[in-house]
Amino acid sequence: MIHANPPRSNHPATVLVVMGSTRAGRLCQKITSWVIEIARNCSNLNYERIDLADWPLPMHDEPGIPALGRYVQPHTSAWSEKVAAADAIIFVTPQYNWGYPAPLKNAIDHLYKEWIGKLVVIVTYGGHGGGKCAAQLRQVTYGLKMRAVPTMPAITLTDEMMLGGPFDPETDLQAHADSVRQAVAELLDQLAPGVNPPPPA
């Protein structure tokens with residue numbers, strides 16, 4: 001098993017929860033907060049929400065290929081350090097036209113070695129749940145030698161939700177909560193011993 005960044009021991013794992021959408025008016029913020037709340041209620045991990053809108057990563061501004069890790073741009077180096085320091089990743093992303101958003105692909109493609117060996121949970125949402133998006137993203141994580149857990153929650157939204165109608169994840173997405181819990185449980189099972197100590201009695 002490849003571990004470019006081996007999990008550190010004797011501390012709760014750090015999980016980056018990466019929001020795949022940067023669109024104005026996106027639902028990703030609410031859905032990501034809901035996912036994090038469920039995860040915190042069933043685990044003892046440290047979850048950090050990552051909004052890619054706060055991580056501008058211009059395309060084509062690095063002269064070398066990411067696999068070399070020779071970054072010249074400060075924003076790339078900062079992104080590298082953030083990802084490398086994490087023990088696991090949760091991607092929360094909408095499905096756009098049967099794929100996943102360009103900003104997420106760009107953020108992934110800015111790096112290479114930092115992703116290797118990382119555990120990953122893929123959570124998608126959309127009018128059809130996001131299964132095609134999840135399949136594509138899983139293929140990319142496989143190419144990066146990441147370790148995706150089997151369960152990939154696919155959250156189906158109504159047209160009204162997507163068009164700006166009333167939306168409360170706590171009630172509107174309740175049918176999908178168990179799949180998120182299952183994915184988090186699989187993440188916990190695969191973390192290295194000592195990285196996820198049980199909460200104090």
# chains A, B, ... in the order shown; residues from 1 in each chain; ligands from 1
$ residues_around --residues "Ile36 in chain A" --least-positions-apart "2" --cutoff "9 Å" --atoms "only C-alpha atoms" --output "short mmCIF file (atom, residue, chain, number, x, y, z; two decimals) with N, CA and C atoms, in the first residue's frame"
data_model
loop_
_atom_site.label_atom_id
_atom_site.label_comp_id
_atom_site.auth_asym_id
_atom_site.auth_seq_id
_atom_site.Cartn_x
_atom_site.Cartn_y
_atom_site.Cartn_z
N VAL A 17 -12.48 18.62 4.23
CA VAL A 17 -13.76 18.46 3.55
C VAL A 17 -13.81 19.51 2.45
N ILE A 31 -24.72 21.98 2.19
CA ILE A 31 -24.61 20.52 2.16
C ILE A 31 -23.32 20.07 2.84
N THR A 32 -22.24 20.82 2.62
CA THR A 32 -20.96 20.47 3.26
C THR A 32 -21.06 20.61 4.77
N SER A 33 -21.68 21.66 5.25
CA SER A 33 -21.86 21.84 6.69
C SER A 33 -22.67 20.70 7.28
N TRP A 34 -23.68 20.25 6.55
CA TRP A 34 -24.52 19.13 6.99
C TRP A 34 -23.71 17.85 7.06
N ILE A 38 -22.83 15.61 10.55
CA ILE A 38 -23.07 14.17 10.70
C ILE A 38 -21.77 13.47 11.07
N ALA A 39 -20.69 13.82 10.37
CA ALA A 39 -19.40 13.17 10.60
C ALA A 39 -18.90 13.42 12.02
N ARG A 40 -19.07 14.63 12.51
CA ARG A 40 -18.62 14.95 13.87
C ARG A 40 -19.44 14.21 14.92
N ASN A 41 -20.69 13.94 14.61
CA ASN A 41 -21.55 13.25 15.57
C ASN A 41 -21.26 11.75 15.65
N TYR A 47 -12.33 17.84 11.51
CA TYR A 47 -12.82 18.15 10.17
C TYR A 47 -12.59 19.62 9.86
N GLU A 48 -11.98 19.89 8.71
CA GLU A 48 -11.74 21.27 8.29
C GLU A 48 -12.37 21.49 6.92
N ARG A 49 -13.30 22.44 6.85
CA ARG A 49 -13.95 22.72 5.57
C ARG A 49 -13.02 23.54 4.69
#
$ residues_around --residues "range 76-86 of chain A" --least-positions-apart "2" --cutoff "7 Å" --atoms "only C-alpha atoms" --output "ChimeraX atom specification"
/A:5,14-16,57,71,73-74,88,111,114
$ write_last_selection --atoms "N, CA and C atoms" --output "compact mmCIF listing (two decimals), in the first residue's frame"
# COMPACT_ATOMS: atom_id res chain seq x y z
N ASN A 5 2.28 10.19 2.33
CA ASN A 5 2.20 10.97 3.55
C ASN A 5 1.63 10.07 4.64
N THR A 14 -6.87 14.35 10.83
CA THR A 14 -7.35 15.58 10.22
C THR A 14 -7.95 15.25 8.86
N VAL A 15 -9.20 15.65 8.66
CA VAL A 15 -9.92 15.37 7.43
C VAL A 15 -10.27 16.70 6.76
N LEU A 16 -9.79 16.90 5.54
CA LEU A 16 -10.17 18.07 4.77
C LEU A 16 -11.48 17.78 4.04
N LEU A 57 -6.27 29.05 -7.62
CA LEU A 57 -5.18 28.27 -8.19
C LEU A 57 -5.23 28.43 -9.71
N TYR A 71 7.27 23.57 -6.94
CA TYR A 71 6.34 24.67 -7.14
C TYR A 71 7.05 26.02 -7.03
N GLN A 73 4.94 28.97 -7.36
CA GLN A 73 3.90 29.92 -6.95
C GLN A 73 3.55 29.71 -5.48
N PRO A 74 3.48 30.78 -4.70
CA PRO A 74 3.14 30.65 -3.27
C PRO A 74 1.80 29.96 -3.04
N ALA A 88 -6.93 12.46 5.60
CA ALA A 88 -7.99 11.97 4.72
C ALA A 88 -8.71 13.16 4.09
N LEU A 111 -1.64 19.26 -7.86
CA LEU A 111 -0.74 18.46 -7.04
C LEU A 111 -0.69 17.04 -7.57
N GLU A 114 1.06 14.66 -3.11
CA GLU A 114 0.34 14.97 -1.88
C GLU A 114 -0.93 14.14 -1.72
$ residues_around --residues "Tyr112 in chain A" --least-positions-apart "2" --cutoff "12 Å" --atoms "only C-alpha atoms" --output "number ranges by chain"
A: 4-5, 64-71, 76, 79-80, 83-84, 106-110, 114-118, 140-141, 143-146
$ write_last_selection --atoms "C-alpha atoms" --output "compact mmCIF listing (two decimals), in the first residue's frame"
# COMPACT_ATOMS: atom_id res chain seq x y z
CA ALA A 4 3.34 9.26 0.38
CA ASN A 5 2.20 10.97 3.55
CA GLY A 64 6.84 22.15 -14.02
CA ILE A 65 4.57 19.13 -13.90
CA PRO A 66 2.94 18.53 -10.48
CA ALA A 67 4.59 15.12 -10.08
CA LEU A 68 7.96 16.86 -9.63
CA GLY A 69 6.68 18.91 -6.68
CA ARG A 70 8.85 21.89 -7.65
CA TYR A 71 6.34 24.67 -7.14
CA THR A 76 0.52 26.22 -5.01
CA TRP A 79 -2.17 24.23 -1.22
CA SER A 80 0.48 21.52 -1.22
CA VAL A 83 -3.25 18.68 1.49
CA ALA A 84 -0.04 16.97 2.60
CA ASN A 106 -8.04 22.02 -11.28
CA ALA A 107 -7.41 21.87 -7.52
CA ILE A 108 -6.69 18.15 -7.76
CA ASP A 109 -4.44 18.49 -10.80
CA HIS A 110 -2.30 21.19 -9.17
CA GLU A 114 0.34 14.97 -1.88
CA TRP A 115 -2.73 12.91 -2.78
CA ILE A 116 -1.02 9.51 -2.87
CA GLY A 117 -2.23 7.14 -0.17
CA LYS A 118 -4.89 9.49 1.15
CA VAL A 140 -9.31 10.07 -10.86
CA THR A 141 -8.61 9.22 -7.21
CA GLY A 143 -5.18 7.22 -10.79
CA LEU A 144 -3.70 9.24 -7.93
CA LYS A 145 -3.36 6.09 -5.80
CA MET A 146 -5.82 7.42 -3.23
$ residues_around --residues "Thr93 in chain A" --least-positions-apart "5" --cutoff "7 Å" --atoms "only C-alpha atoms" --output "ChimeraX atom specification"
/A:19-21,28,100,123-125
$ atom_distance --atom1 "CA of Asn44 in chain A" --atom2 "CA of Gly130 in chain A"
27.9 Å
$ residues_around --residues "range 150-162 of chain A" --least-positions-apart "2" --cutoff "6 Å" --atoms "only C-alpha atoms" --output "ChimeraX atom specification"
/A:122-130,164-165,167,179-180,183
$ write_last_selection --atoms "C-alpha atoms" --output "short mmCIF file (atom, residue, chain, number, x, y, z; two decimals), in the first residue's frame"
data_model
loop_
_atom_site.label_atom_id
_atom_site.label_comp_id
_atom_site.auth_asym_id
_atom_site.auth_seq_id
_atom_site.Cartn_x
_atom_site.Cartn_y
_atom_site.Cartn_z
CA ILE A 122 -16.81 11.05 -2.27
CA VAL A 123 -20.17 12.74 -1.61
CA THR A 124 -22.13 14.00 -4.61
CA TYR A 125 -25.42 15.78 -5.11
CA GLY A 126 -27.70 16.87 -7.93
CA GLY A 127 -30.99 16.25 -9.64
CA HIS A 128 -29.93 12.65 -10.32
CA GLY A 129 -27.83 12.19 -7.20
CA GLY A 130 -24.45 12.56 -8.87
CA GLY A 164 -33.44 28.48 -5.10
CA GLY A 165 -36.49 27.26 -3.24
CA PHE A 167 -33.78 24.22 1.50
CA SER A 179 -25.20 6.72 3.68
CA VAL A 180 -23.01 9.57 4.96
CA ALA A 183 -19.04 6.32 4.48
#
$ select_by_dssp --residues "range 66-140 of chain A" --states "helix (DSSP H, G or I)" --output "PyMOL selection string"
chain A and resi 66-68+74-84+102-109+113-115+131-140
$ write_last_selection --atoms "N, CA and C atoms" --output "compact mmCIF listing (two decimals), in the first residue's frame"
# COMPACT_ATOMS: atom_id res chain seq x y z
N PRO A 66 3.17 18.69 -11.92
CA PRO A 66 2.94 18.53 -10.48
C PRO A 66 3.70 17.36 -9.87
N ALA A 67 3.93 16.30 -10.63
CA ALA A 67 4.59 15.12 -10.08
C ALA A 67 6.00 15.43 -9.56
N LEU A 68 6.62 16.49 -10.08
CA LEU A 68 7.96 16.86 -9.63
C LEU A 68 7.93 17.57 -8.29
N PRO A 74 3.48 30.78 -4.70
CA PRO A 74 3.14 30.65 -3.27
C PRO A 74 1.80 29.96 -3.04
N HIS A 75 0.82 30.24 -3.89
CA HIS A 75 -0.50 29.62 -3.66
C HIS A 75 -0.45 28.11 -3.89
N THR A 76 0.39 27.66 -4.80
CA THR A 76 0.52 26.22 -5.01
C THR A 76 1.22 25.57 -3.82
N SER A 77 2.26 26.22 -3.32
CA SER A 77 2.98 25.69 -2.16
C SER A 77 2.07 25.61 -0.94
N ALA A 78 1.23 26.63 -0.76
CA ALA A 78 0.30 26.63 0.38
C ALA A 78 -0.72 25.51 0.24
N TRP A 79 -1.22 25.30 -0.97
CA TRP A 79 -2.17 24.23 -1.22
C TRP A 79 -1.51 22.86 -1.00
N SER A 80 -0.29 22.75 -1.43
CA SER A 80 0.48 21.52 -1.22
C SER A 80 0.61 21.20 0.27
N GLU A 81 0.96 22.19 1.06
CA GLU A 81 1.13 21.98 2.50
C GLU A 81 -0.18 21.60 3.17
N LYS A 82 -1.26 22.23 2.74
CA LYS A 82 -2.57 21.94 3.33
C LYS A 82 -2.99 20.49 3.07
N VAL A 83 -2.85 20.04 1.84
CA VAL A 83 -3.25 18.68 1.49
C VAL A 83 -2.31 17.66 2.12
N ALA A 84 -1.02 17.92 2.07
CA ALA A 84 -0.04 16.97 2.60
C ALA A 84 -0.24 16.73 4.08
N ALA A 102 -15.10 22.00 -12.86
CA ALA A 102 -13.73 22.29 -13.28
C ALA A 102 -12.84 22.78 -12.14
N PRO A 103 -13.34 23.65 -11.23
CA PRO A 103 -12.46 24.10 -10.14
C PRO A 103 -11.94 22.95 -9.27
N LEU A 104 -12.75 21.91 -9.09
CA LEU A 104 -12.31 20.76 -8.31
C LEU A 104 -11.23 19.99 -9.06
N LYS A 105 -11.43 19.76 -10.34
CA LYS A 105 -10.41 19.06 -11.14
C LYS A 105 -9.11 19.86 -11.14
N ASN A 106 -9.22 21.17 -11.27
CA ASN A 106 -8.04 22.02 -11.28
C ASN A 106 -7.29 21.94 -9.95
N ALA A 107 -8.04 21.95 -8.84
CA ALA A 107 -7.41 21.87 -7.52
C ALA A 107 -6.70 20.52 -7.34
N ILE A 108 -7.32 19.47 -7.84
CA ILE A 108 -6.69 18.15 -7.76
C ILE A 108 -5.43 18.10 -8.62
N ASP A 109 -5.55 18.60 -9.85
CA ASP A 109 -4.44 18.49 -10.80
C ASP A 109 -3.26 19.40 -10.49
N LYS A 113 1.87 14.08 -5.68
CA LYS A 113 2.35 13.23 -4.59
C LYS A 113 1.57 13.45 -3.30
N GLU A 114 1.06 14.66 -3.11
CA GLU A 114 0.34 14.97 -1.88
C GLU A 114 -0.93 14.14 -1.72
N TRP A 115 -1.49 13.68 -2.83
CA TRP A 115 -2.73 12.91 -2.78
C TRP A 115 -2.48 11.41 -2.54
N GLY A 131 -24.29 10.18 -9.43
CA GLY A 131 -23.57 8.93 -9.57
C GLY A 131 -22.52 8.95 -10.67
N LYS A 132 -22.81 9.59 -11.79
CA LYS A 132 -21.83 9.66 -12.88
C LYS A 132 -20.64 10.52 -12.49
N CYS A 133 -20.91 11.60 -11.80
CA CYS A 133 -19.86 12.46 -11.26
C CYS A 133 -18.98 11.67 -10.30
N ALA A 134 -19.60 10.91 -9.41
CA ALA A 134 -18.86 10.13 -8.43
C ALA A 134 -17.97 9.10 -9.10
N ALA A 135 -18.48 8.45 -10.15
CA ALA A 135 -17.71 7.43 -10.85
C ALA A 135 -16.47 8.04 -11.50
N GLN A 136 -16.62 9.23 -12.09
CA GLN A 136 -15.48 9.90 -12.71
C GLN A 136 -14.45 10.31 -11.66
N LEU A 137 -14.94 10.87 -10.57
CA LEU A 137 -14.04 11.33 -9.52
C LEU A 137 -13.33 10.14 -8.87
N ARG A 138 -14.03 9.05 -8.70
CA ARG A 138 -13.40 7.85 -8.13
C ARG A 138 -12.29 7.35 -9.05
N GLN A 139 -12.51 7.41 -10.36
CA GLN A 139 -11.48 6.98 -11.31
C GLN A 139 -10.23 7.85 -11.20
N VAL A 140 -10.44 9.16 -11.01
CA VAL A 140 -9.31 10.07 -10.86
C VAL A 140 -8.56 9.78 -9.57
$ select_by_dssp --residues "chain A" --states "strand (DSSP E)" --output "PyMOL selection string"
chain A and resi 14-19+46-51+88-94+119-126+147-148+154-156
$ write_last_selection --atoms "N, CA and C atoms" --output "tab-separated table (two decimals), in the first residue's frame"
chain	number	residue	atom	x	y	z
A	14	THR	N	-6.87	14.35	10.83
A	14	THR	CA	-7.35	15.58	10.22
A	14	THR	C	-7.95	15.25	8.86
A	15	VAL	N	-9.20	15.65	8.66
A	15	VAL	CA	-9.92	15.37	7.43
A	15	VAL	C	-10.27	16.70	6.76
A	16	LEU	N	-9.79	16.90	5.54
A	16	LEU	CA	-10.17	18.07	4.77
A	16	LEU	C	-11.48	17.78	4.04
A	17	VAL	N	-12.48	18.62	4.23
A	17	VAL	CA	-13.76	18.46	3.55
A	17	VAL	C	-13.81	19.51	2.45
A	18	VAL	N	-13.55	19.07	1.24
A	18	VAL	CA	-13.34	19.98	0.11
A	18	VAL	C	-14.64	20.21	-0.64
A	19	MET	N	-15.04	21.47	-0.73
A	19	MET	CA	-16.25	21.84	-1.45
A	19	MET	C	-15.93	21.94	-2.94
A	46	ASN	N	-10.86	15.41	13.35
A	46	ASN	CA	-10.84	16.86	13.15
A	46	ASN	C	-11.22	17.16	11.70
A	47	TYR	N	-12.33	17.84	11.51
A	47	TYR	CA	-12.82	18.15	10.17
A	47	TYR	C	-12.59	19.62	9.86
A	48	GLU	N	-11.98	19.89	8.71
A	48	GLU	CA	-11.74	21.27	8.29
A	48	GLU	C	-12.37	21.49	6.92
A	49	ARG	N	-13.30	22.44	6.85
A	49	ARG	CA	-13.95	22.72	5.57
A	49	ARG	C	-13.02	23.54	4.69
A	50	ILE	N	-12.89	23.12	3.43
A	50	ILE	CA	-12.05	23.81	2.46
A	50	ILE	C	-12.95	24.33	1.34
A	51	ASP	N	-13.05	25.64	1.24
A	51	ASP	CA	-13.82	26.28	0.19
A	51	ASP	C	-12.83	26.66	-0.92
A	88	ALA	N	-6.93	12.46	5.60
A	88	ALA	CA	-7.99	11.97	4.72
A	88	ALA	C	-8.71	13.16	4.09
A	89	ILE	N	-9.47	12.87	3.05
A	89	ILE	CA	-10.20	13.89	2.29
A	89	ILE	C	-11.65	13.47	2.13
A	90	ILE	N	-12.56	14.41	2.27
A	90	ILE	CA	-13.94	14.21	1.84
A	90	ILE	C	-14.22	15.23	0.74
A	91	PHE	N	-14.58	14.77	-0.44
A	91	PHE	CA	-15.01	15.66	-1.51
A	91	PHE	C	-16.53	15.74	-1.47
A	92	VAL	N	-17.06	16.97	-1.40
A	92	VAL	CA	-18.50	17.20	-1.48
A	92	VAL	C	-18.73	18.03	-2.73
A	93	THR	N	-19.35	17.44	-3.73
A	93	THR	CA	-19.40	18.12	-5.02
A	93	THR	C	-20.72	17.90	-5.75
A	94	PRO	N	-21.18	18.93	-6.47
A	94	PRO	CA	-22.36	18.73	-7.31
A	94	PRO	C	-21.97	18.00	-8.59
A	119	LEU	N	-6.81	8.50	2.23
A	119	LEU	CA	-8.17	7.98	2.26
A	119	LEU	C	-9.12	9.06	1.75
A	120	VAL	N	-10.16	8.66	1.03
A	120	VAL	CA	-11.07	9.65	0.47
A	120	VAL	C	-12.51	9.14	0.50
A	121	VAL	N	-13.41	10.05	0.85
A	121	VAL	CA	-14.85	9.84	0.76
A	121	VAL	C	-15.38	10.76	-0.32
A	122	ILE	N	-16.23	10.26	-1.19
A	122	ILE	CA	-16.81	11.05	-2.27
A	122	ILE	C	-18.31	11.20	-2.02
A	123	VAL	N	-18.75	12.43	-1.81
A	123	VAL	CA	-20.17	12.74	-1.61
A	123	VAL	C	-20.61	13.63	-2.77
A	124	THR	N	-21.65	13.22	-3.48
A	124	THR	CA	-22.13	14.00	-4.61
A	124	THR	C	-23.59	14.37	-4.42
A	125	TYR	N	-24.01	15.39	-5.16
A	125	TYR	CA	-25.42	15.78	-5.11
A	125	TYR	C	-25.85	16.37	-6.45
A	126	GLY	N	-27.14	16.33	-6.69
A	126	GLY	CA	-27.70	16.87	-7.93
A	126	GLY	C	-29.08	16.33	-8.17
A	147	ARG	N	-7.19	6.14	-1.69
A	147	ARG	CA	-7.94	4.97	-1.24
A	147	ARG	C	-9.38	5.38	-0.95
A	148	ALA	N	-10.24	5.22	-1.93
A	148	ALA	CA	-11.64	5.62	-1.78
A	148	ALA	C	-12.42	4.56	-1.03
A	154	ALA	N	-24.86	9.64	-2.62
A	154	ALA	CA	-25.34	10.39	-3.79
A	154	ALA	C	-26.67	11.04	-3.41
A	155	ILE	N	-26.65	12.33	-3.20
A	155	ILE	CA	-27.79	13.06	-2.65
A	155	ILE	C	-28.64	13.63	-3.78
A	156	THR	N	-29.89	13.22	-3.83
A	156	THR	CA	-30.80	13.69	-4.87
A	156	THR	C	-31.53	14.95	-4.40
$ atom_distance --atom1 "CA of Asp87 in chain A" --atom2 "CA of Ala13 in chain A"
5.7 Å
$ closest_residue --among "A:Met59, A:Arg26, A:Pro12, A:Val35" --to "Gln174 in chain A" --atoms "only C-alpha atoms"
A:Val35
$ atom_distance --atom1 "CA of Tyr142 in chain A" --atom2 "CA of Arg23 in chain A"
26.6 Å
$ decode --residues "range 84-107 of chain A" --atoms "C-alpha atoms" --output "PDB file, in the first residue's frame"
ATOM      1  CA  ALA A  84      -0.037  16.967   2.596  1.00  0.00           C
ATOM      2  CA  ALA A  85      -0.826  17.624   6.267  1.00  0.00           C
ATOM      3  CA  ALA A  86      -4.242  15.924   6.079  1.00  0.00           C
ATOM      4  CA  ASP A  87      -4.884  12.274   6.889  1.00  0.00           C
ATOM      5  CA  ALA A  88      -7.990  11.968   4.720  1.00  0.00           C
ATOM      6  CA  ILE A  89     -10.197  13.885   2.295  1.00  0.00           C
ATOM      7  CA  ILE A  90     -13.940  14.207   1.835  1.00  0.00           C
ATOM      8  CA  PHE A  91     -15.007  15.661  -1.507  1.00  0.00           C
ATOM      9  CA  VAL A  92     -18.505  17.198  -1.481  1.00  0.00           C
ATOM     10  CA  THR A  93     -19.402  18.120  -5.017  1.00  0.00           C
ATOM     11  CA  PRO A  94     -22.357  18.730  -7.312  1.00  0.00           C
ATOM     12  CA  GLN A  95     -22.787  16.894 -10.589  1.00  0.00           C
ATOM     13  CA  TYR A  96     -22.529  19.245 -13.576  1.00  0.00           C
ATOM     14  CA  ASN A  97     -23.642  17.788 -16.913  1.00  0.00           C
ATOM     15  CA  TRP A  98     -22.777  14.267 -15.728  1.00  0.00           C
ATOM     16  CA  GLY A  99     -19.354  15.345 -14.518  1.00  0.00           C
ATOM     17  CA  TYR A 100     -17.781  17.236 -11.644  1.00  0.00           C
ATOM     18  CA  PRO A 101     -16.851  20.943 -11.585  1.00  0.00           C
ATOM     19  CA  ALA A 102     -13.735  22.286 -13.285  1.00  0.00           C
ATOM     20  CA  PRO A 103     -12.461  24.098 -10.137  1.00  0.00           C
ATOM     21  CA  LEU A 104     -12.311  20.759  -8.306  1.00  0.00           C
ATOM     22  CA  LYS A 105     -10.413  19.060 -11.135  1.00  0.00           C
ATOM     23  CA  ASN A 106      -8.037  22.021 -11.277  1.00  0.00           C
ATOM     24  CA  ALA A 107      -7.406  21.867  -7.518  1.00  0.00           C
TER      25      ALA A 107
END
